[in-house]
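Participant: The structure that follows is given in the form of structure tokens.
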Amino acid sequence: MWQGIRGHDAVGKQFERAVATGRLASTFLFLGPEGVGKRAFAGALAKALLCERNREGELAACGGCASCVQVEGKTHPDLHVVSLPEGKSEIPVDLFIGRMEKRMREGLCYEMSLAPFYGKRKIAIIEDADRLNEEGANALLKTLEEPPERSVLILIGTSASKQLPTIRSRSQMIRFEPLPVGEVAEMLLGQGWVESPADAQRLAQASQGRLARAIELADPAVWEFREALLGHLARRRIASWTLAKEVVAFVDGAGKEAPLRRNRARLAMGLAADFYRGLVRQGVGASASGDDEGLARRVEAAVRAGAGDAEIAAARAERCLQAIGHVDRNANQATAIEAWIDDLATGTVNLLDTQ
């Protein structure tokens, strides 16, 4: 277990070799499914790079020096983190180059241009890199092309296709794989999300290697909704009005706060995308769902019902991802849900062209 991070030992060893040989790059793009530990790994890497007790060529965090304590407390002067502000669909350019009245005198690019406070390194972590717009990417361009000495920039996203060419071409991509079922189950138990090993195993299998998804499914209401949703999707004909009503009720059950409702909508769409990806895998002769026996049964039921066309399933999976994008851009949720489910129900239209 590298620096306390489960499931990504190979990535940790890769960074250890780079530091030991003096070949650590300046910009990294962490890519992989949501909820597999990319942010936690970035934090652990920052702590190890900034640790005061490391000798040259070493990469480990002692956990007790002033730098390690400050990184843990999110107060280290040489570590800067940018994330998507609540209520925004894209990362504002101001976070990179400062507010209009203080352009280039504040923001991430300005902070990274300064010498390290402790003299070791400057590290920046950009969470939600999928939400970088062209203006933000252009603001980062000089920092990417001429990185300050002994600086490290880490961008965190889900896939290369969601990154702008400006970012992809100037970053070393690091792939993060889904976590093993056993690791997810152990973390669920260790962090107190469940009490029963059987429940931990059930949720881990359904998570597809994503701890965040397993934690979401630990909510009985979410698990119940998932079962009902998969039942609807496995039918030859989707009862669109009924399903839309159930999805809206599920979202409403999160309460009145917009972030919670948005997360519920994204979850419903993500669960549907998982189902359709399983149908695609089944259609090409691969395992439909890995360790998720419940999803596998639903996929098999869909095939028996005549709803297993891989091409249509791929289009529907893409439509689910598109719907998540609409929710992320703060579209009216009820309208987005109804349009999404209506498109899923048609089945034969070119969903990839749906706007």
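Residues in the structure tokens are numbered from 1 in each chain, the chains being A, B, ... in the order shown, and ligands are numbered from 1 in the order shown.
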Can you list, as a ChimeraX atom specification, every protein, DNA or RNA residue that comes within 10 Å of range 71-82 of chain A when you count only C-alpha atoms, leaving out same-chain residues fewer than 3 positions away?

Facilitator: /A:43-44,46-48,50-51,63,66-68,85,91-92,95-96,107-108,111-112,114-129,151-155

Participant: Would you kindly return, as a compact mmCIF listing (two decimals) with N, CA, C and O atoms, in the first residue's frame, each protein, DNA or RNA residue with an atom no farther than 10 Å from any atom of range 21-32 of chain A, considering only C-alpha atoms and excluding same-chain residues fewer than 3 positions away?

Facilitator:
```txt
# COMPACT_ATOMS: atom_id res chain seq x y z
N GLN A 14 6.15 3.94 -9.86
CA GLN A 14 6.53 4.72 -11.04
C GLN A 14 7.08 6.09 -10.63
O GLN A 14 8.11 6.55 -11.14
N PHE A 15 6.41 6.73 -9.67
CA PHE A 15 6.89 8.02 -9.19
C PHE A 15 8.18 7.88 -8.38
O PHE A 15 9.06 8.75 -8.46
N GLU A 16 8.30 6.82 -7.63
CA GLU A 16 9.54 6.60 -6.87
C GLU A 16 10.74 6.48 -7.80
O GLU A 16 11.81 7.05 -7.54
N ARG A 17 10.56 5.74 -8.90
CA ARG A 17 11.66 5.59 -9.87
C ARG A 17 12.00 6.93 -10.51
O ARG A 17 13.18 7.25 -10.72
N ALA A 18 10.98 7.71 -10.84
CA ALA A 18 11.23 9.01 -11.47
C ALA A 18 12.02 9.93 -10.56
O ALA A 18 12.95 10.63 -10.98
N GLY A 35 -13.85 8.17 -8.30
CA GLY A 35 -13.98 7.39 -7.08
C GLY A 35 -12.98 6.29 -6.89
O GLY A 35 -13.19 5.41 -6.05
N VAL A 36 -11.87 6.29 -7.65
CA VAL A 36 -10.87 5.23 -7.47
C VAL A 36 -9.66 5.69 -6.66
O VAL A 36 -8.74 4.91 -6.41
N GLY A 37 -9.63 6.97 -6.26
CA GLY A 37 -8.55 7.44 -5.39
C GLY A 37 -7.54 8.36 -6.04
O GLY A 37 -6.45 8.57 -5.48
N LYS A 38 -7.86 8.97 -7.17
CA LYS A 38 -6.90 9.85 -7.84
C LYS A 38 -6.57 11.07 -6.99
O LYS A 38 -5.40 11.48 -6.88
N ARG A 39 -7.59 11.66 -6.38
CA ARG A 39 -7.35 12.84 -5.55
C ARG A 39 -6.55 12.48 -4.30
O ARG A 39 -5.64 13.22 -3.90
N PHE A 41 -4.47 10.04 -4.03
CA PHE A 41 -3.10 9.77 -4.46
C PHE A 41 -2.35 11.07 -4.70
O PHE A 41 -1.17 11.21 -4.30
N ALA A 42 -2.99 12.05 -5.34
CA ALA A 42 -2.35 13.34 -5.60
C ALA A 42 -1.95 14.00 -4.28
O ALA A 42 -0.85 14.57 -4.16
N GLU A 56 17.60 13.67 -1.07
CA GLU A 56 17.51 13.78 -2.51
C GLU A 56 17.33 12.40 -3.13
O GLU A 56 18.07 11.47 -2.82
N GLY A 57 16.36 12.26 -3.99
CA GLY A 57 16.12 10.96 -4.63
C GLY A 57 15.14 10.07 -3.88
O GLY A 57 14.79 9.00 -4.38
N GLU A 58 14.66 10.50 -2.71
CA GLU A 58 13.71 9.71 -1.95
C GLU A 58 12.30 10.28 -2.12
O GLU A 58 12.13 11.47 -2.34
N ILE A 123 3.88 22.88 -5.69
CA ILE A 123 3.00 21.86 -6.24
C ILE A 123 1.60 22.43 -6.40
O ILE A 123 1.07 23.08 -5.50
N ALA A 124 1.01 22.18 -7.56
CA ALA A 124 -0.37 22.59 -7.82
C ALA A 124 -1.18 21.36 -8.20
O ALA A 124 -0.71 20.50 -8.95
N ILE A 125 -2.38 21.27 -7.67
CA ILE A 125 -3.30 20.19 -8.02
C ILE A 125 -4.58 20.83 -8.56
O ILE A 125 -5.21 21.63 -7.88
N ILE A 126 -4.92 20.49 -9.78
CA ILE A 126 -6.16 20.98 -10.39
C ILE A 126 -7.15 19.83 -10.42
O ILE A 126 -7.03 18.89 -11.23
N GLU A 127 -8.09 19.84 -9.48
CA GLU A 127 -9.13 18.84 -9.47
C GLU A 127 -10.17 19.21 -10.54
O GLU A 127 -10.23 20.35 -10.99
N ALA A 129 -10.35 18.50 -13.70
CA ALA A 129 -9.77 19.01 -14.95
C ALA A 129 -10.70 18.80 -16.13
O ALA A 129 -10.55 19.48 -17.16
N ASP A 130 -11.67 17.89 -16.00
CA ASP A 130 -12.67 17.73 -17.06
C ASP A 130 -13.47 19.01 -17.27
O ASP A 130 -14.08 19.20 -18.32
N THR A 143 2.44 28.48 -18.00
CA THR A 143 2.92 27.65 -16.90
C THR A 143 3.25 26.25 -17.39
O THR A 143 4.22 25.63 -16.93
N LEU A 144 2.46 25.74 -18.34
CA LEU A 144 2.71 24.40 -18.88
C LEU A 144 3.93 24.37 -19.78
O LEU A 144 4.72 23.42 -19.75
N GLU A 145 4.09 25.41 -20.59
CA GLU A 145 5.20 25.43 -21.55
C GLU A 145 6.52 25.79 -20.89
O GLU A 145 7.58 25.31 -21.30
N GLU A 146 6.47 26.67 -19.89
CA GLU A 146 7.68 27.08 -19.18
C GLU A 146 7.49 26.90 -17.68
O GLU A 146 7.35 27.88 -16.93
N PRO A 147 7.42 25.64 -17.23
CA PRO A 147 7.15 25.40 -15.81
C PRO A 147 8.27 25.96 -14.94
O PRO A 147 9.45 25.84 -15.27
N PRO A 148 7.90 26.62 -13.85
CA PRO A 148 8.93 27.13 -12.93
C PRO A 148 9.81 25.98 -12.43
O PRO A 148 9.37 24.83 -12.34
N GLU A 149 11.03 26.31 -12.12
CA GLU A 149 11.97 25.28 -11.65
C GLU A 149 11.43 24.61 -10.39
O GLU A 149 10.89 25.26 -9.50
N ARG A 150 11.56 23.28 -10.33
CA ARG A 150 11.14 22.45 -9.20
C ARG A 150 9.65 22.65 -8.87
O ARG A 150 9.26 22.74 -7.71
N SER A 151 8.87 22.72 -9.93
CA SER A 151 7.42 22.80 -9.75
C SER A 151 6.78 21.53 -10.30
O SER A 151 7.32 20.89 -11.22
N VAL A 152 5.66 21.15 -9.73
CA VAL A 152 4.91 19.99 -10.20
C VAL A 152 3.44 20.39 -10.30
O VAL A 152 2.87 20.92 -9.35
N LEU A 153 2.85 20.14 -11.46
CA LEU A 153 1.44 20.45 -11.69
C LEU A 153 0.71 19.13 -11.97
O LEU A 153 1.10 18.37 -12.85
N ILE A 154 -0.35 18.87 -11.20
CA ILE A 154 -1.14 17.64 -11.35
C ILE A 154 -2.57 18.01 -11.71
O ILE A 154 -3.22 18.76 -10.97
N LEU A 155 -3.03 17.51 -12.83
CA LEU A 155 -4.43 17.71 -13.24
C LEU A 155 -5.15 16.37 -13.10
O LEU A 155 -4.60 15.32 -13.44
N ILE A 156 -6.38 16.41 -12.60
CA ILE A 156 -7.12 15.18 -12.33
C ILE A 156 -8.39 15.16 -13.18
O ILE A 156 -9.22 16.07 -13.09
N GLY A 157 -8.54 14.13 -14.00
CA GLY A 157 -9.71 14.00 -14.85
C GLY A 157 -10.13 12.55 -14.97
O GLY A 157 -9.58 11.67 -14.31
N THR A 158 -11.09 12.30 -15.83
CA THR A 158 -11.59 10.94 -15.99
C THR A 158 -11.13 10.28 -17.28
O THR A 158 -10.88 9.07 -17.30
N SER A 159 -11.01 11.04 -18.36
CA SER A 159 -10.57 10.44 -19.63
C SER A 159 -9.84 11.47 -20.46
O SER A 159 -10.06 12.68 -20.34
N ALA A 160 -8.96 10.96 -21.34
CA ALA A 160 -8.19 11.86 -22.20
C ALA A 160 -9.10 12.62 -23.16
O ALA A 160 -8.81 13.77 -23.52
N GLN A 163 -10.16 16.11 -22.16
CA GLN A 163 -9.14 17.13 -21.95
C GLN A 163 -8.86 17.87 -23.25
O GLN A 163 -8.83 17.27 -24.33
N ILE A 167 -3.85 20.74 -23.00
CA ILE A 167 -3.48 20.03 -21.79
C ILE A 167 -2.84 18.68 -22.12
O ILE A 167 -1.78 18.33 -21.59
N ARG A 168 -3.49 17.93 -23.00
CA ARG A 168 -3.02 16.57 -23.31
C ARG A 168 -1.59 16.58 -23.85
O ARG A 168 -0.77 15.75 -23.46
N ARG A 170 0.84 18.51 -23.36
CA ARG A 170 1.90 19.01 -22.49
C ARG A 170 1.95 18.28 -21.14
O ARG A 170 2.61 18.74 -20.22
N SER A 171 1.25 17.16 -21.05
CA SER A 171 1.18 16.44 -19.78
C SER A 171 1.61 14.99 -19.94
O SER A 171 1.39 14.38 -21.00
N GLN A 172 2.18 14.45 -18.91
CA GLN A 172 2.44 13.01 -18.86
C GLN A 172 1.21 12.34 -18.27
O GLN A 172 0.83 12.62 -17.14
N MET A 173 0.58 11.46 -19.03
CA MET A 173 -0.64 10.84 -18.58
C MET A 173 -0.35 9.65 -17.65
O MET A 173 0.48 8.80 -17.96
N ILE A 174 -1.06 9.63 -16.53
CA ILE A 174 -0.94 8.54 -15.56
C ILE A 174 -2.31 7.89 -15.44
O ILE A 174 -3.28 8.55 -15.06
N ARG A 175 -2.40 6.62 -15.75
CA ARG A 175 -3.68 5.90 -15.74
C ARG A 175 -3.92 5.25 -14.38
O ARG A 175 -3.04 4.58 -13.84
N PHE A 176 -5.12 5.44 -13.87
CA PHE A 176 -5.54 4.82 -12.62
C PHE A 176 -6.64 3.80 -12.92
O PHE A 176 -7.68 4.16 -13.49
N GLU A 177 -6.40 2.55 -12.55
CA GLU A 177 -7.35 1.49 -12.82
C GLU A 177 -8.38 1.38 -11.69
O GLU A 177 -8.13 1.84 -10.56
N PRO A 178 -9.54 0.77 -11.97
CA PRO A 178 -10.50 0.51 -10.90
C PRO A 178 -9.86 -0.32 -9.79
O PRO A 178 -8.95 -1.11 -10.04
```

Participant: Would you list the contacts of Ala314 in chain A as an MDAnalysis selection string, taking every protein, DNA or RNA residue within 12 Å and counting only C-alpha atoms, but skipping same-chain residues closer than 2 positions in sequence?

Facilitator: chainID A and resid 272:284 308:312 316:321 344 347:348 350:352

Participant: Near range 253-264 of chain A, within 10 Å and counting only C-alpha atoms, which residues show up once chain neighbours fewer than 2 positions away are dropped, as number ranges by chain?

Facilitator: A: 86-87, 216, 221-222, 247-251, 266-270, 324, 327-328, 330-331, 333

Participant: Could you write out, as an MDAnalysis selection string, all the residues of range 38-235 of chain A that DSSP marks as alpha helix (DSSP H)?

Facilitator: chainID A and resid 38:50 66:72 94:97 108:113 134:145 165:168 181:190 197:207 211:217 220:233

Participant: Counting only C-alpha atoms, which of A:Leu188, A:Leu132, A:Val93, A:Ala265 gets nearest to Thr335 in chain A?

Facilitator: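 Smallest distance to Thr335 in chain A is found for A:Ala265.
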
Participant: Report, in Å with one decimal, the straight-line distance from CA of Cys109 in chain A to CA of Ile97 in chain A.

Facilitator: 5.9 Å

Participant: Do you have the CA of Gly209 in chain A-CA of Gly285 in chain A distance handy?

Facilitator: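 CA of Gly285 in chain A lies 21.0 Å from CA of Gly209 in chain A.
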
Participant: Find the distance between CA of Val184 in chain A and CA of Ile5 in chain A and write it in Å to one decimal.

Facilitator: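 Taking CA of Val184 in chain A and CA of Ile5 in chain A, their separation equals 11.8 Å.
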
Participant: Among the residues of range 92-243 of chain A, find those DSSP assigns to strand (DSSP E) from the backbone and print them as an MDAnalysis selection string.

Facilitator: chainID A and resid 122:126 151:157 172:175

Participant: Give me the residues near Glu134 in chain A as a list in words, where near means some atom within 8 Å (using only C-alpha atoms) and where sequence neighbours in that chain fewer than 3 positions away do not count.

Facilitator: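 The residues satisfying every condition are Ala137, Asn138 and Leu164 of chain A.
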
Participant: Please identify all polymer residues within 10 Å of Ala305 in chain A, counting only C-alpha atoms, omitting same-chain residues fewer than 5 positions from it, and present them as a ChimeraX atom specification.

Facilitator: /A:234-237,299-300

Participant: For a quick check of understanding, using only C-alpha atoms, which of A:Arg202, A:Arg55, A:Arg329, A:Arg131 has the smallest distance to Glu186 in chain A?

Facilitator: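 Counting only C-alpha atoms, the residue closest to Glu186 in chain A is A:Arg202.
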
Participant: Go through A:Lys142, A:Met187, A:Ile341, A:Gly136 one by one, measure the shortest atom-to-atom distance of each to Ser113 in chain A using only C-alpha atoms, and give the residue with the smallest value.

Facilitator: A:Lys142

Participant: For Trp193 in chain A, please output as a list in words all residues within 10 Å (counting only C-alpha atoms; exclusion window: fewer than 2 positions along the same chain).

Facilitator: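 Selected residues are Ala185, Met187, Leu188, Leu189, Gly190, Gln191, Glu195, Ser196, Asp199, Ala200, Ala214, Ile215, Glu216, Ala218 and Asp219 of chain A.
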
Participant: Just the selected residues (N, CA, C and O atoms), exported as an mmCIF file, in the first residue's frame, please.

Facilitator:
```
data_model
loop_
_atom_site.group_PDB
_atom_site.id
_atom_site.type_symbol
_atom_site.label_atom_id
_atom_site.label_comp_id
_atom_site.auth_asym_id
_atom_site.auth_seq_id
_atom_site.Cartn_x
_atom_site.Cartn_y
_atom_site.Cartn_z
ATOM 1 N N ALA A 185 -13.934 -3.577 -0.501
ATOM 2 C CA ALA A 185 -14.636 -4.161 0.648
ATOM 3 C C ALA A 185 -13.913 -3.845 1.951
ATOM 4 O O ALA A 185 -14.544 -3.482 2.959
ATOM 5 N N MET A 187 -11.954 -1.306 2.580
ATOM 6 C CA MET A 187 -12.073 0.119 2.894
ATOM 7 C C MET A 187 -13.469 0.446 3.426
ATOM 8 O O MET A 187 -13.619 1.273 4.324
ATOM 9 N N LEU A 188 -14.481 -0.178 2.885
ATOM 10 C CA LEU A 188 -15.836 0.045 3.391
ATOM 11 C C LEU A 188 -15.945 -0.358 4.858
ATOM 12 O O LEU A 188 -16.538 0.363 5.671
ATOM 13 N N LEU A 189 -15.373 -1.496 5.189
ATOM 14 C CA LEU A 189 -15.393 -1.954 6.583
ATOM 15 C C LEU A 189 -14.511 -1.082 7.458
ATOM 16 O O LEU A 189 -14.907 -0.662 8.549
ATOM 17 N N GLY A 190 -13.304 -0.794 6.980
ATOM 18 C CA GLY A 190 -12.346 -0.030 7.777
ATOM 19 C C GLY A 190 -12.787 1.385 8.061
ATOM 20 O O GLY A 190 -12.481 1.948 9.112
ATOM 21 N N GLN A 191 -13.525 1.983 7.132
ATOM 22 C CA GLN A 191 -13.989 3.356 7.298
ATOM 23 C C GLN A 191 -15.375 3.433 7.923
ATOM 24 O O GLN A 191 -15.932 4.519 8.075
ATOM 25 N N GLU A 195 -21.121 -2.544 8.439
ATOM 26 C CA GLU A 195 -20.664 -3.357 9.570
ATOM 27 C C GLU A 195 -20.468 -4.810 9.180
ATOM 28 O O GLU A 195 -19.681 -5.515 9.803
ATOM 29 N N SER A 196 -21.186 -5.262 8.172
ATOM 30 C CA SER A 196 -21.158 -6.667 7.790
ATOM 31 C C SER A 196 -20.187 -6.916 6.637
ATOM 32 O O SER A 196 -20.250 -6.224 5.622
ATOM 33 N N ASP A 199 -22.155 -7.389 3.467
ATOM 34 C CA ASP A 199 -22.602 -6.148 2.837
ATOM 35 C C ASP A 199 -21.443 -5.463 2.118
ATOM 36 O O ASP A 199 -21.614 -4.901 1.027
ATOM 37 N N ALA A 200 -20.272 -5.488 2.741
ATOM 38 C CA ALA A 200 -19.098 -4.875 2.121
ATOM 39 C C ALA A 200 -18.774 -5.554 0.796
ATOM 40 O O ALA A 200 -18.476 -4.887 -0.202
ATOM 41 N N ALA A 214 -19.384 2.676 -4.236
ATOM 42 C CA ALA A 214 -19.758 1.731 -3.184
ATOM 43 C C ALA A 214 -20.363 2.455 -1.984
ATOM 44 O O ALA A 214 -21.346 1.992 -1.389
ATOM 45 N N ILE A 215 -19.798 3.611 -1.635
ATOM 46 C CA ILE A 215 -20.318 4.390 -0.510
ATOM 47 C C ILE A 215 -21.715 4.907 -0.829
ATOM 48 O O ILE A 215 -22.604 4.898 0.021
ATOM 49 N N GLU A 216 -21.920 5.332 -2.056
ATOM 50 C CA GLU A 216 -23.267 5.784 -2.458
ATOM 51 C C GLU A 216 -24.280 4.641 -2.343
ATOM 52 O O GLU A 216 -25.400 4.818 -1.847
ATOM 53 N N ALA A 218 -24.238 2.205 -0.400
ATOM 54 C CA ALA A 218 -24.455 1.776 0.986
ATOM 55 C C ALA A 218 -25.732 2.374 1.566
ATOM 56 O O ALA A 218 -26.261 1.872 2.566
ATOM 57 N N ASP A 219 -26.240 3.438 0.944
ATOM 58 C CA ASP A 219 -27.518 4.024 1.343
ATOM 59 C C ASP A 219 -28.637 3.103 0.859
ATOM 60 O O ASP A 219 -28.769 2.870 -0.347
#
```

Participant: For Leu211 in chain A, which residue among A:Gly325, A:Gly294, A:Gly182, A:Gly12 is the nearest when counting only C-alpha atoms?

Facilitator: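 Answer, going by the shortest atom-to-atom distance: A:Gly182.
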